[in-house]
Amino acid sequence: MKSRLAGLKLFALVGLILPICSCINNTDSLTPVQRSIVMDSVQLMVDSIAKTISREGPVAWLRYFENSPDFYMASDGQLAFTNNDSLSNFLKNSYSKSVRNIELSWNHVRIDPFTSRKAGVAANFHEDITDFEGKKTASDGYFTGIAHQTSQGWQFQNAHWSIIHTK
């Protein structure tokens, strides 16, 4: 009788642990169709960013960065913005007053779905930045970020830009 009771307890414990463990690793639970949906929708965001920034200028970036206190951005290995408010303030009150136009293009975009609502994004980028005096500055580098599907669509939860500095 004791061994039967111990067996039932073990069975009940395993019955509780298995569902919990199956929820922990969502990346393996995405079907090929779900992975494709995430990859396609995040790619649409990346394409939209290049077109929108090139057409509307630097403040347009704000619609692609999550408006959350958890947002942060790094550049060249250093924390540049600790939250969306600091980035918004910089874009609206400083950067947009010195940059008239940005032509942004991406290549070799890599999208790694983590879940149906989160994905890693990495890409080479090229920017031609034109100031208000007409001076154009080109820069190239590498971008990484975590894309998160929010109520406003896909947005970056965080981002890191690495610029290739010429000697």
# chains A, B, ... in the order shown; residues from 1 in each chain; ligands from 1

$ residues_around --residues "range 129-132 of chain A" --least-positions-apart "2" --cutoff "8 Å" --atoms "only C-alpha atoms" --output "list in words"
Ser98, Val99, Arg100, Asn101, Ile102, Glu103, Glu127, Gly134, Lys135, Lys136, Thr137 and Ala138 of chain A

$ select_by_dssp --residues "chain A" --states "alpha helix (DSSP H)" --output "PyMOL selection string"
chain A and resi 2-24+32-56+84-90+96-98

$ closest_residue --among "A:Asn124, A:Ser86, A:Ser116, A:Ser68" --to "Gln149 in chain A" --atoms "only C-alpha atoms"
A:Ser116

$ residues_around --residues "Leu79 in chain A" --least-positions-apart "4" --cutoff "12 Å" --atoms "only C-alpha atoms" --output "PyMOL selection string"
chain A and resi 71-75+83+86-87+158-162

$ write_last_selection --atoms "all heavy atoms" --output "mmCIF file, in the first residue's frame"
data_model
loop_
_atom_site.group_PDB
_atom_site.id
_atom_site.type_symbol
_atom_site.label_atom_id
_atom_site.label_comp_id
_atom_site.auth_asym_id
_atom_site.auth_seq_id
_atom_site.Cartn_x
_atom_site.Cartn_y
_atom_site.Cartn_z
ATOM 1 N N PHE A 71 12.743 50.184 -22.037
ATOM 2 C CA PHE A 71 13.506 50.399 -23.265
ATOM 3 C C PHE A 71 14.885 50.988 -22.939
ATOM 4 O O PHE A 71 15.025 51.809 -22.038
ATOM 5 C CB PHE A 71 12.762 51.367 -24.193
ATOM 6 C CG PHE A 71 13.580 51.769 -25.389
ATOM 7 C CD1 PHE A 71 13.627 50.970 -26.507
ATOM 8 C CD2 PHE A 71 14.335 52.932 -25.369
ATOM 9 C CE1 PHE A 71 14.408 51.323 -27.599
ATOM 10 C CE2 PHE A 71 15.118 53.289 -26.448
ATOM 11 C CZ PHE A 71 15.155 52.486 -27.571
ATOM 12 N N TYR A 72 15.885 50.560 -23.697
ATOM 13 C CA TYR A 72 17.205 51.179 -23.624
ATOM 14 C C TYR A 72 17.882 51.038 -24.979
ATOM 15 O O TYR A 72 17.501 50.216 -25.812
ATOM 16 C CB TYR A 72 18.073 50.560 -22.525
ATOM 17 C CG TYR A 72 18.429 49.112 -22.775
ATOM 18 C CD1 TYR A 72 19.585 48.765 -23.468
ATOM 19 C CD2 TYR A 72 17.614 48.093 -22.315
ATOM 20 C CE1 TYR A 72 19.907 47.433 -23.701
ATOM 21 C CE2 TYR A 72 17.931 46.762 -22.534
ATOM 22 C CZ TYR A 72 19.077 46.445 -23.230
ATOM 23 O OH TYR A 72 19.388 45.140 -23.456
ATOM 24 N N MET A 73 18.884 51.883 -25.203
ATOM 25 C CA MET A 73 19.651 51.821 -26.439
ATOM 26 C C MET A 73 21.129 52.010 -26.117
ATOM 27 O O MET A 73 21.490 52.867 -25.307
ATOM 28 C CB MET A 73 19.215 52.902 -27.426
ATOM 29 C CG MET A 73 19.977 52.824 -28.752
ATOM 30 S SD MET A 73 19.616 54.197 -29.861
ATOM 31 C CE MET A 73 17.910 53.867 -30.232
ATOM 32 N N ALA A 74 21.940 51.208 -26.757
ATOM 33 C CA ALA A 74 23.390 51.332 -26.625
ATOM 34 C C ALA A 74 23.978 51.663 -27.991
ATOM 35 O O ALA A 74 23.372 51.383 -29.030
ATOM 36 C CB ALA A 74 23.979 50.022 -26.098
ATOM 37 N N SER A 75 25.144 52.278 -27.967
ATOM 38 C CA SER A 75 25.846 52.609 -29.197
ATOM 39 C C SER A 75 27.335 52.392 -28.975
ATOM 40 O O SER A 75 27.893 52.896 -27.989
ATOM 41 C CB SER A 75 25.568 54.060 -29.593
ATOM 42 O OG SER A 75 26.262 54.392 -30.774
ATOM 43 N N ASN A 83 16.158 54.961 -21.261
ATOM 44 C CA ASN A 83 14.732 54.689 -21.421
ATOM 45 C C ASN A 83 14.205 55.455 -22.630
ATOM 46 O O ASN A 83 14.933 56.255 -23.241
ATOM 47 C CB ASN A 83 13.946 55.060 -20.154
ATOM 48 C CG ASN A 83 14.161 56.498 -19.740
ATOM 49 O OD1 ASN A 83 14.194 57.410 -20.561
ATOM 50 N ND2 ASN A 83 14.312 56.709 -18.445
ATOM 51 N N SER A 86 14.334 59.474 -22.445
ATOM 52 C CA SER A 86 15.614 60.129 -22.744
ATOM 53 C C SER A 86 15.887 60.132 -24.247
ATOM 54 O O SER A 86 16.375 61.114 -24.800
ATOM 55 C CB SER A 86 16.762 59.483 -21.965
ATOM 56 O OG SER A 86 16.922 58.124 -22.303
ATOM 57 N N LEU A 87 15.530 59.050 -24.929
ATOM 58 C CA LEU A 87 15.689 59.000 -26.380
ATOM 59 C C LEU A 87 14.756 59.993 -27.064
ATOM 60 O O LEU A 87 15.161 60.743 -27.952
ATOM 61 C CB LEU A 87 15.410 57.590 -26.906
ATOM 62 C CG LEU A 87 15.370 57.457 -28.425
ATOM 63 C CD1 LEU A 87 16.733 57.748 -29.041
ATOM 64 C CD2 LEU A 87 14.883 56.078 -28.828
ATOM 65 N N ASN A 158 14.742 47.018 -27.236
ATOM 66 C CA ASN A 158 16.070 47.574 -27.003
ATOM 67 C C ASN A 158 16.835 47.536 -28.318
ATOM 68 O O ASN A 158 16.407 46.888 -29.273
ATOM 69 C CB ASN A 158 16.821 46.833 -25.890
ATOM 70 C CG ASN A 158 16.986 45.361 -26.184
ATOM 71 O OD1 ASN A 158 17.490 44.969 -27.223
ATOM 72 N ND2 ASN A 158 16.542 44.524 -25.261
ATOM 73 N N ALA A 159 17.933 48.264 -28.356
ATOM 74 C CA ALA A 159 18.696 48.348 -29.602
ATOM 75 C C ALA A 159 20.159 48.644 -29.298
ATOM 76 O O ALA A 159 20.483 49.258 -28.281
ATOM 77 C CB ALA A 159 18.122 49.451 -30.489
ATOM 78 N N HIS A 160 21.020 48.205 -30.207
ATOM 79 C CA HIS A 160 22.449 48.514 -30.126
ATOM 80 C C HIS A 160 22.965 48.797 -31.530
ATOM 81 O O HIS A 160 22.733 48.032 -32.460
ATOM 82 C CB HIS A 160 23.241 47.348 -29.506
ATOM 83 C CG HIS A 160 24.693 47.675 -29.346
ATOM 84 N ND1 HIS A 160 25.620 47.338 -30.282
ATOM 85 C CD2 HIS A 160 25.348 48.353 -28.380
ATOM 86 C CE1 HIS A 160 26.812 47.768 -29.888
ATOM 87 N NE2 HIS A 160 26.666 48.395 -28.737
ATOM 88 N N TRP A 161 23.618 49.929 -31.664
ATOM 89 C CA TRP A 161 24.229 50.336 -32.938
ATOM 90 C C TRP A 161 25.736 50.298 -32.780
ATOM 91 O O TRP A 161 26.273 50.850 -31.835
ATOM 92 C CB TRP A 161 23.835 51.771 -33.283
ATOM 93 C CG TRP A 161 22.389 52.001 -33.438
ATOM 94 C CD1 TRP A 161 21.491 52.330 -32.451
ATOM 95 C CD2 TRP A 161 21.641 51.920 -34.639
ATOM 96 N NE1 TRP A 161 20.236 52.459 -32.967
ATOM 97 C CE2 TRP A 161 20.295 52.219 -34.318
ATOM 98 C CE3 TRP A 161 21.953 51.637 -35.958
ATOM 99 C CZ2 TRP A 161 19.282 52.235 -35.263
ATOM 100 C CZ3 TRP A 161 20.947 51.657 -36.896
ATOM 101 C CH2 TRP A 161 19.639 51.936 -36.554
ATOM 102 N N SER A 162 26.417 49.669 -33.713
ATOM 103 C CA SER A 162 27.880 49.705 -33.752
ATOM 104 C C SER A 162 28.262 50.348 -35.070
ATOM 105 O O SER A 162 27.893 49.857 -36.137
ATOM 106 C CB SER A 162 28.471 48.298 -33.675
ATOM 107 O OG SER A 162 28.188 47.725 -32.426
#

$ closest_residue --among "A:Gly141, A:Gly153, A:Pro69, A:Gly77" --to "His108 in chain A" --atoms "only C-alpha atoms"
A:Gly141

$ closest_residue --among "A:Tyr64, A:Phe125, A:Phe81, A:Tyr142" --to "Gln157 in chain A" --atoms "only C-alpha atoms"
A:Tyr64

$ select_by_dssp --residues "range 28-103 of chain A" --states "strand (DSSP E or B)" --output "PyMOL selection string"
chain A and resi 65+72-75+78-81+99-103

$ closest_residue --among "A:Val59, A:Val46, A:Ala80, A:Met39" --to "Arg117 in chain A" --atoms "only C-alpha atoms"
A:Met39

$ atom_distance --atom1 "CA of Ser41 in chain A" --atom2 "CA of Arg55 in chain A"
20.9 Å

$ residues_around --residues "Ala60 in chain A" --least-positions-apart "3" --cutoff "12 Å" --atoms "only C-alpha atoms" --output "CSV table (one decimal) with N, CA and C atoms, in the first residue's frame"
chain,number,residue,atom,x,y,z
A,48,SER,N,9.8,48.9,-43.3
A,48,SER,CA,9.1,50.2,-43.0
A,48,SER,C,9.9,51.2,-42.3
A,49,ILE,N,10.8,50.8,-41.4
A,49,ILE,CA,11.7,51.7,-40.8
A,49,ILE,C,12.6,52.5,-41.8
A,50,ALA,N,13.2,51.7,-42.7
A,50,ALA,CA,14.0,52.4,-43.7
A,50,ALA,C,13.3,53.4,-44.5
A,51,LYS,N,12.1,53.0,-45.0
A,51,LYS,CA,11.3,54.0,-45.8
A,51,LYS,C,10.8,55.2,-45.0
A,52,THR,N,10.3,54.9,-43.8
A,52,THR,CA,9.7,56.0,-42.9
A,52,THR,C,10.8,57.0,-42.5
A,53,ILE,N,11.9,56.5,-42.0
A,53,ILE,CA,13.0,57.4,-41.5
A,53,ILE,C,13.5,58.2,-42.7
A,54,SER,N,13.7,57.6,-43.8
A,54,SER,CA,14.2,58.3,-45.0
A,54,SER,C,13.2,59.3,-45.5
A,55,ARG,N,11.9,59.1,-45.3
A,55,ARG,CA,10.9,60.0,-45.8
A,55,ARG,C,10.6,61.1,-44.7
A,56,GLU,N,10.6,60.8,-43.4
A,56,GLU,CA,10.1,61.7,-42.4
A,56,GLU,C,11.1,62.2,-41.5
A,57,GLY,N,12.3,61.6,-41.5
A,57,GLY,CA,13.4,62.2,-40.6
A,57,GLY,C,13.5,61.4,-39.3
A,63,ARG,N,8.2,55.9,-33.4
A,63,ARG,CA,7.2,54.9,-33.5
A,63,ARG,C,7.7,53.5,-33.6
A,64,TYR,N,9.0,53.3,-33.7
A,64,TYR,CA,9.6,51.9,-33.8
A,64,TYR,C,10.3,51.5,-32.5
A,65,PHE,N,10.4,52.4,-31.5
A,65,PHE,CA,11.0,52.0,-30.3
A,65,PHE,C,9.9,52.0,-29.2
A,88,SER,N,13.5,60.0,-26.6
A,88,SER,CA,12.5,60.9,-27.2
A,88,SER,C,13.0,62.4,-27.1
A,91,LEU,N,15.8,63.0,-29.6
A,91,LEU,CA,15.4,63.1,-31.0
A,91,LEU,C,14.6,64.4,-31.3
A,92,LYS,N,13.7,64.7,-30.4
A,92,LYS,CA,12.9,65.9,-30.6
A,92,LYS,C,13.6,67.2,-30.4
A,95,TYR,N,18.6,66.2,-31.9
A,95,TYR,CA,19.0,65.5,-33.1
A,95,TYR,C,18.2,66.1,-34.3
A,96,SER,N,16.9,66.2,-34.2
A,96,SER,CA,16.1,66.7,-35.3
A,96,SER,C,16.4,68.1,-35.7
A,101,ASN,N,17.8,65.2,-43.0
A,101,ASN,CA,17.3,64.0,-43.7
A,101,ASN,C,18.3,62.9,-43.4
A,102,ILE,N,17.7,61.7,-43.3
A,102,ILE,CA,18.4,60.5,-43.1
A,102,ILE,C,18.0,59.5,-44.2

$ atom_distance --atom1 "CA of Ala119 in chain A" --atom2 "CA of Asp140 in chain A"
23.1 Å
